[in-house]
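Shown here: final-v3.cif, mmCIF, C-alpha atoms and all ligand atoms.
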data_data
#
loop_
_atom_site.label_atom_id
_atom_site.label_comp_id
_atom_site.auth_asym_id
_atom_site.auth_seq_id
_atom_site.Cartn_x
_atom_site.Cartn_y
_atom_site.Cartn_z
CA MET A 1 18.90 -51.12 5.03
CA LYS A 2 18.62 -48.63 7.88
CA TYR A 3 18.78 -45.12 6.52
CA SER A 4 19.89 -42.16 8.59
CA ASN A 5 17.19 -40.24 10.45
CA ARG A 6 18.46 -37.13 8.75
CA ILE A 7 17.86 -38.40 5.23
CA THR A 8 14.52 -40.08 5.90
CA LYS A 9 13.12 -36.75 7.09
CA LEU A 10 14.17 -34.98 3.87
CA ASN A 11 11.50 -34.37 1.23
CA GLU A 12 12.21 -34.23 -2.47
CA SER A 13 12.03 -30.75 -4.06
CA LEU A 14 8.41 -30.42 -5.21
CA THR A 15 9.28 -27.97 -7.97
CA ILE A 16 11.68 -30.50 -9.44
CA ALA A 17 9.26 -33.40 -8.85
CA ILE A 18 6.44 -31.67 -10.74
CA SER A 19 8.69 -30.61 -13.64
CA SER A 20 9.94 -34.20 -13.88
CA LEU A 21 6.41 -35.59 -13.83
CA ALA A 22 5.37 -33.21 -16.65
CA ARG A 23 8.44 -34.24 -18.66
CA GLU A 24 7.64 -37.94 -18.12
CA LEU A 25 3.99 -37.54 -19.17
CA LYS A 26 5.14 -35.74 -22.31
CA ALA A 27 7.61 -38.52 -23.10
CA GLN A 28 4.73 -40.99 -22.83
CA GLY A 29 3.04 -39.02 -25.62
CA LYS A 30 0.57 -37.14 -23.37
CA ASP A 31 -0.37 -33.63 -24.43
CA VAL A 32 1.12 -31.75 -21.48
CA LEU A 33 2.04 -28.08 -21.25
CA SER A 34 4.35 -27.45 -18.35
CA PHE A 35 4.53 -24.14 -16.53
CA SER A 36 6.30 -25.70 -13.60
CA ALA A 37 9.93 -25.33 -14.56
CA GLY A 38 12.00 -22.69 -12.86
CA GLU A 39 14.40 -22.32 -15.73
CA PRO A 40 14.68 -20.03 -18.74
CA ASP A 41 13.92 -21.73 -22.06
CA PHE A 42 16.61 -19.70 -23.89
CA ASP A 43 19.81 -21.27 -25.09
CA THR A 44 22.99 -20.24 -23.27
CA PRO A 45 24.60 -17.28 -25.11
CA LYS A 46 27.02 -18.30 -27.87
CA SER A 47 29.94 -16.34 -26.42
CA ILE A 48 29.73 -18.47 -23.27
CA LYS A 49 29.61 -21.72 -25.23
CA ASP A 50 32.56 -20.61 -27.38
CA GLU A 51 34.61 -19.89 -24.28
CA ALA A 52 33.75 -23.34 -22.90
CA ILE A 53 34.92 -24.96 -26.12
CA ARG A 54 38.13 -22.93 -25.95
CA ALA A 55 38.64 -24.14 -22.37
CA ILE A 56 38.22 -27.77 -23.44
CA ASN A 57 40.53 -27.42 -26.45
CA SER A 58 43.20 -25.69 -24.39
CA GLY A 59 43.16 -28.53 -21.86
CA PHE A 60 41.58 -26.58 -19.03
CA THR A 61 40.10 -29.83 -17.81
CA LYS A 62 41.79 -30.52 -14.48
CA TYR A 63 41.03 -29.92 -10.80
CA THR A 64 41.15 -26.27 -9.77
CA GLN A 65 41.19 -24.55 -6.38
CA VAL A 66 38.17 -25.81 -4.44
CA SER A 67 36.59 -22.35 -4.10
CA GLY A 68 37.11 -21.44 -7.78
CA ILE A 69 39.95 -20.06 -9.89
CA ASN A 70 41.24 -16.58 -9.00
CA GLU A 71 40.20 -15.10 -12.33
CA LEU A 72 36.60 -16.19 -11.71
CA LYS A 73 36.51 -14.92 -8.13
CA ALA A 74 37.97 -11.61 -9.28
CA ALA A 75 35.25 -11.36 -11.94
CA ILE A 76 32.59 -12.08 -9.29
CA CYS A 77 34.02 -9.32 -7.05
CA LYS A 78 34.04 -6.87 -9.96
CA LYS A 79 30.44 -7.71 -10.82
CA LEU A 80 29.27 -7.40 -7.20
CA GLU A 81 30.97 -4.04 -6.83
CA SER A 82 29.87 -2.49 -10.12
CA GLN A 83 26.32 -3.86 -10.26
CA ASN A 84 25.38 -4.37 -6.64
CA ASN A 85 27.48 -1.86 -4.77
CA LEU A 86 28.97 -4.67 -2.66
CA LYS A 87 32.70 -4.63 -1.96
CA TYR A 88 34.20 -8.10 -1.54
CA GLU A 89 37.69 -9.56 -2.01
CA PRO A 90 38.33 -12.89 -3.77
CA SER A 91 39.08 -14.51 -0.39
CA GLU A 92 35.50 -13.65 0.60
CA ILE A 93 33.98 -15.68 -2.26
CA ILE A 94 33.35 -19.39 -2.70
CA VAL A 95 32.01 -20.83 -5.95
CA SER A 96 29.77 -23.91 -5.73
CA ASN A 97 27.62 -26.15 -7.93
CA GLY A 98 24.71 -23.76 -8.26
CA ALA A 99 23.19 -21.36 -5.74
CA LYS A 100 21.44 -24.37 -4.22
CA HIS A 101 24.80 -25.87 -3.31
CA SER A 102 25.96 -22.50 -1.97
CA LEU A 103 22.92 -22.46 0.32
CA PHE A 104 23.58 -26.02 1.41
CA ASN A 105 27.16 -25.09 2.38
CA VAL A 106 26.12 -21.89 4.18
CA PHE A 107 23.39 -23.64 6.17
CA SER A 108 25.75 -26.45 7.01
CA ALA A 109 28.33 -23.98 8.28
CA LEU A 110 25.89 -21.91 10.35
CA ILE A 111 22.96 -23.96 11.63
CA ASP A 112 23.20 -25.86 14.88
CA LYS A 113 20.44 -27.83 16.56
CA ASP A 114 17.45 -25.65 17.49
CA ASP A 115 18.83 -22.50 15.86
CA GLU A 116 15.94 -20.51 14.47
CA VAL A 117 15.87 -19.50 10.83
CA ILE A 118 13.34 -16.84 9.93
CA ILE A 119 11.75 -17.53 6.54
CA PRO A 120 9.22 -15.17 4.96
CA SER A 121 6.34 -17.15 3.48
CA PRO A 122 5.64 -17.93 0.65
CA TYR A 123 9.18 -19.22 0.33
CA TRP A 124 11.26 -21.20 -2.11
CA VAL A 125 10.79 -24.92 -1.40
CA THR A 126 14.38 -25.71 -0.51
CA TYR A 127 14.91 -23.41 2.50
CA PRO A 128 12.84 -25.19 5.18
CA GLU A 129 13.96 -28.60 3.97
CA LEU A 130 17.62 -27.65 4.39
CA VAL A 131 17.00 -25.98 7.76
CA ASN A 132 15.34 -29.18 8.92
CA TYR A 133 18.16 -31.29 7.50
CA PHE A 134 20.70 -29.41 9.61
CA GLY A 135 18.59 -29.66 12.77
CA GLY A 136 17.45 -26.04 12.83
CA LYS A 137 13.95 -24.71 13.26
CA SER A 138 12.15 -22.73 10.55
CA VAL A 139 10.18 -19.79 11.86
CA PHE A 140 7.83 -18.56 9.17
CA ILE A 141 6.54 -15.04 8.73
CA GLU A 142 3.21 -15.30 6.95
CA THR A 143 2.71 -12.55 4.40
CA SER A 144 -0.28 -11.95 2.14
CA GLU A 145 -1.23 -10.45 -1.18
CA GLU A 146 -2.42 -7.29 0.63
CA ILE A 147 1.17 -6.52 1.69
CA ASP A 148 2.63 -7.63 -1.65
CA PHE A 149 3.88 -10.87 -0.04
CA LYS A 150 6.64 -8.86 1.68
CA ILE A 151 7.60 -8.87 5.34
CA THR A 152 7.39 -5.64 7.34
CA PRO A 153 9.62 -4.56 10.26
CA LYS A 154 6.66 -5.13 12.61
CA LEU A 155 6.07 -8.71 11.40
CA LEU A 156 9.78 -9.39 11.67
CA LYS A 157 10.10 -8.04 15.22
CA GLU A 158 7.24 -10.28 16.34
CA VAL A 159 9.22 -13.46 15.57
CA ILE A 160 12.70 -12.48 16.77
CA THR A 161 13.84 -14.48 19.81
CA SER A 162 17.20 -15.11 21.49
CA LYS A 163 17.52 -18.19 19.27
CA SER A 164 17.05 -16.32 15.97
CA LYS A 165 20.16 -16.95 13.92
CA LEU A 166 19.36 -16.37 10.26
CA LEU A 167 16.88 -14.41 8.19
CA ILE A 168 16.37 -15.43 4.57
CA LEU A 169 15.56 -12.74 2.04
CA THR A 170 14.75 -13.62 -1.55
CA SER A 171 14.37 -10.62 -3.79
CA PRO A 172 13.09 -10.89 -6.49
CA SER A 173 11.03 -13.61 -4.88
CA ASN A 174 10.38 -17.11 -6.03
CA PRO A 175 7.37 -17.70 -6.16
CA THR A 176 5.82 -14.18 -6.06
CA GLY A 177 8.26 -12.04 -8.11
CA MET A 178 8.13 -9.23 -5.54
CA VAL A 179 11.19 -7.02 -5.08
CA TYR A 180 12.17 -5.20 -1.87
CA THR A 181 12.94 -1.50 -2.25
CA LYS A 182 15.92 0.17 -0.60
CA GLU A 183 13.58 1.81 1.93
CA GLU A 184 11.95 -1.52 2.81
CA LEU A 185 15.37 -3.08 3.34
CA GLU A 186 16.30 -0.19 5.60
CA GLY A 187 13.16 -0.94 7.61
CA ILE A 188 14.19 -4.60 7.88
CA TYR A 189 17.63 -3.51 9.05
CA GLY A 190 15.97 -1.35 11.72
CA ALA A 191 14.15 -4.43 13.02
CA ILE A 192 17.27 -6.62 13.34
CA LYS A 193 20.05 -4.16 14.14
CA GLU A 194 19.97 -4.83 17.89
CA SER A 195 20.22 -8.60 17.30
CA ASN A 196 22.98 -10.83 15.93
CA ILE A 197 20.82 -12.05 13.08
CA ILE A 198 22.70 -12.97 9.92
CA ILE A 199 20.95 -12.37 6.60
CA ILE A 200 21.10 -14.87 3.79
CA SER A 201 20.29 -12.84 0.69
CA ASP A 202 19.33 -15.09 -2.21
CA GLU A 203 19.83 -12.85 -5.26
CA ILE A 204 19.55 -15.49 -7.98
CA TYR A 205 16.83 -13.50 -9.84
CA GLU A 206 18.50 -10.13 -9.34
CA GLN A 207 19.07 -9.44 -13.04
CA LEU A 208 15.49 -10.30 -13.91
CA VAL A 209 13.64 -7.13 -12.91
CA TYR A 210 11.11 -5.30 -15.05
CA ASP A 211 9.68 -1.81 -15.66
CA ASN A 212 13.04 -0.20 -14.86
CA ILE A 213 12.69 -1.16 -11.21
CA LYS A 214 15.95 -0.85 -9.35
CA PHE A 215 17.16 -3.91 -7.53
CA THR A 216 18.92 -3.27 -4.20
CA SER A 217 21.20 -5.81 -2.55
CA PRO A 218 20.54 -5.97 1.21
CA GLY A 219 24.30 -5.86 1.87
CA SER A 220 24.56 -2.50 0.11
CA ILE A 221 22.35 -0.68 2.63
CA ASN A 222 25.12 0.10 5.12
CA ASP A 223 28.32 -1.39 6.49
CA ASP A 224 26.64 -3.33 9.28
CA MET A 225 24.35 -4.98 6.74
CA LEU A 226 27.35 -5.81 4.56
CA GLN A 227 29.07 -7.48 7.53
CA ARG A 228 26.04 -9.54 8.51
CA THR A 229 24.79 -10.49 5.04
CA ILE A 230 25.83 -13.55 3.08
CA THR A 231 25.13 -12.81 -0.55
CA ILE A 232 24.12 -15.79 -2.68
CA ASN A 233 23.95 -15.58 -6.44
CA GLY A 234 24.67 -17.57 -9.59
CA LEU A 235 24.25 -17.60 -13.35
CA SER A 236 21.47 -20.19 -13.76
CA LYS A 237 18.65 -17.71 -14.28
CA SER A 238 20.35 -14.54 -15.50
CA THR A 239 22.44 -16.15 -18.24
CA SER A 240 20.30 -19.20 -18.91
CA MET A 241 22.97 -21.53 -17.53
CA THR A 242 20.91 -23.87 -15.31
CA GLY A 243 22.69 -26.99 -16.50
CA TRP A 244 26.21 -25.61 -16.14
CA ARG A 245 25.99 -25.51 -12.36
CA ILE A 246 27.54 -22.38 -10.97
CA GLY A 247 26.54 -20.43 -7.90
CA TYR A 248 28.49 -18.48 -5.35
CA ALA A 249 28.44 -17.18 -1.80
CA ALA A 250 30.09 -13.96 -0.66
CA SER A 251 30.73 -13.01 2.95
CA LYS A 252 32.91 -10.50 4.77
CA ASP A 253 33.54 -13.30 7.28
CA LYS A 254 36.62 -14.94 5.75
CA LYS A 255 36.52 -17.70 8.34
CA LEU A 256 33.05 -18.70 7.16
CA ILE A 257 34.32 -18.88 3.57
CA LYS A 258 37.26 -20.99 4.74
CA LEU A 259 34.94 -23.38 6.61
CA MET A 260 32.75 -23.81 3.54
CA ASP A 261 35.91 -24.37 1.50
CA SER A 262 36.86 -27.22 3.86
CA LEU A 263 33.37 -28.72 3.59
CA GLN A 264 33.46 -28.48 -0.19
CA SER A 265 36.98 -29.98 -0.23
CA GLN A 266 35.49 -33.05 1.46
CA SER A 267 32.38 -33.26 -0.68
CA THR A 268 32.37 -31.97 -4.27
CA SER A 269 35.74 -30.15 -4.63
CA ASN A 270 35.82 -27.47 -7.31
CA ILE A 271 32.94 -26.97 -9.72
CA ASN A 272 33.44 -27.99 -13.34
CA SER A 273 36.59 -26.25 -14.63
CA ILE A 274 35.01 -25.50 -18.02
CA THR A 275 31.99 -23.81 -16.47
CA GLN A 276 34.34 -21.62 -14.45
CA LYS A 277 36.08 -20.28 -17.56
CA ALA A 278 32.84 -19.82 -19.47
CA SER A 279 31.12 -17.98 -16.60
CA ILE A 280 33.73 -15.24 -16.64
CA ILE A 281 32.32 -14.12 -20.01
CA SER A 282 28.96 -13.40 -18.43
CA LEU A 283 30.36 -11.85 -15.24
CA ASN A 284 32.57 -9.50 -17.25
CA GLY A 285 29.51 -8.25 -19.12
CA ASP A 286 30.47 -9.75 -22.48
CA CYS A 287 26.97 -11.11 -23.07
CA ASN A 288 24.97 -8.23 -21.64
CA ALA A 289 23.16 -7.83 -24.96
CA ASP A 290 21.87 -11.42 -24.66
CA ILE A 291 20.80 -10.83 -21.06
CA GLU A 292 18.94 -7.69 -22.11
CA ASN A 293 17.15 -9.60 -24.85
CA PHE A 294 16.15 -12.33 -22.40
CA ASN A 295 14.75 -9.69 -20.08
CA LYS A 296 12.79 -7.93 -22.81
CA GLU A 297 11.27 -11.24 -23.84
CA PHE A 298 10.43 -12.13 -20.22
CA GLN A 299 8.76 -8.78 -19.70
CA LYS A 300 6.60 -9.29 -22.82
CA ARG A 301 5.60 -12.75 -21.64
CA ARG A 302 4.89 -11.52 -18.12
CA ASP A 303 2.57 -8.80 -19.45
CA LEU A 304 0.78 -11.26 -21.72
CA ALA A 305 0.30 -13.98 -19.07
CA HIS A 306 -0.68 -11.46 -16.39
CA LYS A 307 -3.37 -9.94 -18.62
CA LEU A 308 -4.78 -13.26 -19.83
CA ILE A 309 -4.96 -14.79 -16.36
CA ASN A 310 -6.65 -11.75 -14.88
CA ASN A 311 -9.28 -12.03 -17.64
CA ILE A 312 -10.36 -15.42 -16.30
CA SER A 313 -13.18 -15.13 -13.80
CA ASN A 314 -12.34 -16.32 -10.29
CA LEU A 315 -8.57 -16.13 -10.88
CA SER A 316 -6.39 -13.14 -10.12
CA VAL A 317 -2.70 -12.41 -10.02
CA LYS A 318 -0.48 -9.51 -8.99
CA LEU A 319 2.00 -8.11 -11.47
CA PRO A 320 5.42 -9.49 -10.52
CA GLN A 321 8.31 -7.02 -10.61
CA GLY A 322 10.96 -9.64 -11.16
CA ALA A 323 11.78 -13.35 -11.70
CA PHE A 324 9.58 -15.35 -14.11
CA TYR A 325 6.69 -16.56 -12.01
CA LEU A 326 3.07 -15.57 -11.53
CA PHE A 327 1.66 -16.54 -8.15
CA ILE A 328 -2.01 -16.99 -9.08
CA ASN A 329 -4.77 -16.63 -6.51
CA ILE A 330 -6.94 -19.73 -7.08
CA SER A 331 -8.78 -19.56 -3.76
CA LYS A 332 -12.17 -18.79 -5.34
CA VAL A 333 -11.88 -21.99 -7.39
CA ASN A 334 -10.25 -24.36 -4.93
CA LYS A 335 -8.51 -23.62 -1.64
CA ASP A 336 -6.60 -26.88 -1.86
CA SER A 337 -3.77 -26.03 -4.26
CA MET A 338 -2.55 -29.62 -4.57
CA LYS A 339 -6.02 -30.83 -5.62
CA PHE A 340 -6.37 -27.91 -8.03
CA CYS A 341 -3.02 -28.64 -9.72
CA LYS A 342 -3.60 -32.38 -9.87
CA ASP A 343 -7.05 -31.97 -11.39
CA LEU A 344 -5.82 -29.36 -13.89
CA LEU A 345 -3.01 -31.65 -14.99
CA GLU A 346 -5.29 -34.67 -15.35
CA LYS A 347 -8.12 -32.86 -17.15
CA GLU A 348 -6.30 -30.29 -19.30
CA GLY A 349 -2.68 -31.39 -19.32
CA VAL A 350 -1.44 -28.14 -17.71
CA ALA A 351 1.26 -28.39 -15.03
CA LEU A 352 1.52 -25.67 -12.35
CA VAL A 353 3.18 -25.88 -8.94
CA PRO A 354 0.74 -25.84 -5.98
CA GLY A 355 1.13 -22.93 -3.60
CA ILE A 356 1.42 -25.33 -0.67
CA ALA A 357 4.89 -26.28 -1.95
CA PHE A 358 5.83 -22.68 -1.09
CA GLY A 359 3.93 -22.73 2.18
CA MET A 360 0.81 -20.93 0.98
CA GLU A 361 -2.58 -22.46 0.23
CA GLY A 362 -4.99 -20.97 -2.30
CA TYR A 363 -2.29 -20.17 -4.87
CA ALA A 364 -0.52 -21.88 -7.77
CA ARG A 365 2.74 -20.88 -9.43
CA PHE A 366 2.84 -20.37 -13.18
CA SER A 367 6.29 -20.02 -14.76
CA PHE A 368 6.38 -17.82 -17.87
CA ALA A 369 9.82 -19.04 -18.86
CA CYS A 370 8.37 -20.52 -22.05
CA GLY A 371 7.23 -19.25 -25.47
CA GLU A 372 4.21 -17.00 -26.08
CA GLU A 373 2.29 -19.66 -28.00
CA GLN A 374 2.57 -22.06 -25.07
CA ILE A 375 1.49 -19.31 -22.68
CA LYS A 376 -1.61 -18.55 -24.77
CA GLU A 377 -2.57 -22.19 -25.22
CA GLY A 378 -1.92 -23.04 -21.55
CA ILE A 379 -4.05 -20.17 -20.27
CA LYS A 380 -6.81 -21.08 -22.72
CA ARG A 381 -6.83 -24.56 -21.19
CA ILE A 382 -6.87 -23.15 -17.65
CA GLU A 383 -9.90 -21.04 -18.62
CA LYS A 384 -11.63 -24.08 -20.11
CA TYR A 385 -10.93 -26.04 -16.94
CA ILE A 386 -12.49 -23.34 -14.77
CA LEU A 387 -15.52 -22.93 -17.06
CA ASN A 388 -16.16 -26.69 -16.98
CA LEU A 389 -16.24 -26.64 -13.19
CA SER A 390 -19.24 -24.32 -13.05
N1 LIG A 401 17.31 -19.81 -5.11
C1 LIG A 401 16.10 -19.69 -5.67
C2 LIG A 401 15.12 -18.74 -5.09
C3 LIG A 401 15.77 -20.45 -6.80
O1 LIG A 401 14.56 -20.34 -7.35
C4 LIG A 401 16.73 -21.35 -7.33
C5 LIG A 401 16.33 -22.17 -8.53
N2 LIG A 401 16.64 -23.46 -8.53
C6 LIG A 401 17.98 -21.42 -6.69
C7 LIG A 401 18.22 -20.65 -5.58
C8 LIG A 401 19.06 -22.36 -7.11
O2 LIG A 401 19.49 -22.18 -8.41
P1 LIG A 401 20.79 -22.91 -8.96
O3 LIG A 401 21.15 -23.99 -8.00
O4 LIG A 401 20.42 -23.41 -10.31
O5 LIG A 401 21.85 -21.84 -9.02
N1 LIG A 402 14.33 -22.89 -8.69
C1 LIG A 402 13.56 -23.55 -9.68
C2 LIG A 402 12.11 -23.64 -9.24
O1 LIG A 402 11.75 -23.09 -8.24
C3 LIG A 402 14.16 -24.85 -10.12
C4 LIG A 402 13.77 -26.07 -9.37
C5 LIG A 402 14.46 -26.20 -8.06
O2 LIG A 402 15.70 -26.12 -8.05
O3 LIG A 402 13.78 -26.36 -7.06
O4 LIG A 402 11.33 -24.20 -9.96
#

Just dump the structure as structure tokens.
Amino acid sequence: MKYSNRITKLNESLTIAISSLARELKAQGKDVLSFSAGEPDFDTPKSIKDEAIRAINSGFTKYTQVSGINELKAAICKKLESQNNLKYEPSEIIVSNGAKHSLFNVFSALIDKDDEVIIPSPYWVTYPELVNYFGGKSVFIETSEEIDFKITPKLLKEVITSKSKLLILTSPSNPTGMVYTKEELEGIYGAIKESNIIIISDEIYEQLVYDNIKFTSPGSINDDMLQRTITINGLSKSTSMTGWRIGYAASKDKKLIKLMDSLQSQSTSNINSITQKASIISLNGDCNADIENFNKEFQKRRDLAHKLINNISNLSVKLPQGAFYLFINISKVNKDSMKFCKDLLEKEGVALVPGIAFGMEGYARFSFACGEEQIKEGIKRIEKYILNLS
């Protein structure tokens, strides 16, 4: 069979591949501790499940509007206004099968051949693959630990060309957990305001911020930013709903939303009707207590893992302000992150994601979305692995 050029160039998501490999090894009876998964280990809150059961029993099991039912889009608008200071109307929202699907639709609607997409590095694995898939060109801005893995206006200005079309911002970041402040976002605005650059703001980890840090949505900075920002969010991480598949895109450009609606009408249609009903519970704040408990637990785990890893000689890690990942500096042990992760998995049964998957060598991503006992045991094994090397 002759496959399309487009599909043969596409790589599988490495984060998913490594999580699957760890799951497979475990199923074969191997003693594997996985810190590769990008999903909370908590159960979905009961109030959400109850609402889903109500939806099933009441027969809410048919096709809906492609972009989502009005009640859901209204709840999304209310949430974005009250929590993020972003004013959108329901006609400026489209609900898709996870934030990943929202990104797929947005990229499909905006990227033409040779359009440049500016991606701060380290980045989430999916962005460059999708840019490539749609014929665009990824332009990376290399950051470093010294600048908290964040881009600066100067670094941004250096890569802007007449072909620059999109800038991707992920705050809190996957894989580093860093969060942009309002002032930093204003600086970024200063660097792009003379251009036509559109911002894709991936806010999937927005509710997972620690130490009372305030999250700022790029679109809330000023009206121009609101007009040029496409806000992407979903409930996978905040409400522990990864398997339910809901994400959404919001844009002041109603035509863009309409175009994505047409694309979705020809591909997946509406998302699961039951998920739509159940998600309203979370968006309306009816499980805020659960979300707060998740966050408290994540913060405890972050502090524990951060301390234990920094106690290991030759490893170091910055304290993430959000999300549930530690981006560990392994460069004193092995600069080749793939080799490091492979060896660690083979020798100690610990699965991490190599930094190269996120475009940065000398690092490995450790997800603390798992219980404290697993964190302690996993880090003990990492320490043993390092000690045995010397
Ligand atoms: N953006 C980032 C940065 C992520 O880490 C993820 C996790 N998969 C997503 C988007 C997509 O999440 P989902 O499709 O589950 O909503
Ligand atoms: N976003 C998660 C991660 O980075 C889930 C896996 C994926 O969708 O790539 O691990």

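Near Ile204 of chain A, within 10 Å and counting only C-alpha atoms, sit Gly98, Ala99, Lys100, Thr170, Ser171, Pro172, Ser173, Asn174, Thr231, Ile232, Asn233, Gly234, Leu235, Ser236, Lys237, Ser238, Gly247, Tyr248 and Ala323 of chain A; same-chain residues fewer than 6 positions away were not included.
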
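Closest approach to Asp115 of chain A from the set A:Ser267, A:Ser91, A:Ser164, A:Ser47 is made by A:Ser164, with distances taken over all atoms listed in the file.
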
Near ligand LIG 402 (chain A), 9 Å: chain A residue rows, closest pairs, all atoms listed in the file, as CSV:
residue,atom,partner,partner_atom,distance
A:Ser13,CA,A:LIG402,O3,5.6
A:Leu14,CA,A:LIG402,O3,7.0
A:Thr15,CA,A:LIG402,O4,4.7
A:Ile16,CA,A:LIG402,C4,4.9
A:Ala17,CA,A:LIG402,O3,8.6
A:Ile18,CA,A:LIG402,O4,9.0
A:Ser19,CA,A:LIG402,O4,7.8
A:Ser36,CA,A:LIG402,O4,6.4
A:Ala37,CA,A:LIG402,O4,4.9
A:Gly38,CA,A:LIG402,O4,3.3
A:Glu39,CA,A:LIG402,C3,6.2
A:Lys100,CA,A:LIG402,O2,7.1
A:Trp124,CA,A:LIG402,O1,6.4
A:Val125,CA,A:LIG402,O3,6.6
A:Thr126,CA,A:LIG402,O3,6.6
A:Asn174,CA,A:LIG402,O1,6.5
A:Pro175,CA,A:LIG402,O1,7.3
A:Lys237,CA,A:LIG402,N1,8.8
A:Thr242,CA,A:LIG402,C3,8.6
A:Val353,CA,A:LIG402,O4,8.4
A:Ser367,CA,A:LIG402,O4,8.1

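Among the candidates A:Asp202, A:Glu373, A:Glu346, A:Asp253, the one nearest to ligand LIG 401 (chain A) when counting all atoms listed in the file is A:Asp202.
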
For Ala351 of chain A, find every residue with an atom within 6 Å (counting only C-alpha atoms), except residues of its own chain fewer than 2 positions away, and show them as a compact mmCIF listing (two decimals) with C-alpha atoms, keeping the file's coordinate frame.
# COMPACT_ATOMS: atom_id res chain seq x y z
CA SER A 34 4.35 -27.45 -18.35
CA PHE A 35 4.53 -24.14 -16.53
CA SER A 36 6.30 -25.70 -13.60
CA LEU A 345 -3.01 -31.65 -14.99

Could you tell me, as a PyMOL selection string, which residues have any atom at most 12 Å from (14.1, -2.3, -11.7), counting all atoms listed in the file?
chain A and resi 171-172+177-182+205-216+295+299+320-323

Mind giving me the straight-line distance from atom CA of Ile188 of chain A to atom CA of Val95 of chain A in Å, one decimal?
27.8 Å

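Comparing A:Cys287, A:Leu25, A:Ile93, A:Leu155 by their smallest distance to Ile230 of chain A, the closest is A:Ile93 (using only C-alpha atoms).
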
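Distance annotation: of A:Leu263, A:Ala357, A:Met241, A:Val317, the residue with the minimal separation from ligand LIG 401 (chain A) is A:Met241; atom set is all atoms listed in the file.
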
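Distances from A:Leu256, A:Cys341, A:Ile356, A:Leu169 to ligand LIG 401 (chain A) were compared using all atoms listed in the file, and the smallest one belongs to A:Leu169.
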
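For the set A:Phe149, A:Gly355, A:Tyr363, A:Leu110, the residue with the smallest atom-to-atom gap to Ile198 of chain A is A:Leu110, counting all atoms listed in the file.
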
Please identify all polymer residues within 9 Å of Asn284 of chain A, counting all atoms listed in the file, omitting same-chain residues fewer than 3 positions from it, and present them as a PyMOL selection string.
chain A and resi 75-76+78-79+279-281+287-288

Would you compute an axis-aligned box for segment 91-103 of chain A, covering every atom listed for it in the file with 3 Å of margin on each side, and report centre and edge lengths in Å to one decimal as AutoDock Vina command-line options?
--center_x 30.3 --center_y -19.9 --center_z -3.8 --size_x 23.6 --size_y 18.5 --size_z 14.9

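Straight-line separation from atom CA of Ser144 of chain A to atom CA of Gly362 of chain A: 11.1 Å.
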
Tell me, in Å to one decimal, how far atom CA of Ile386 of chain A is from atom CA of Lys318 of chain A.
19.2 Å
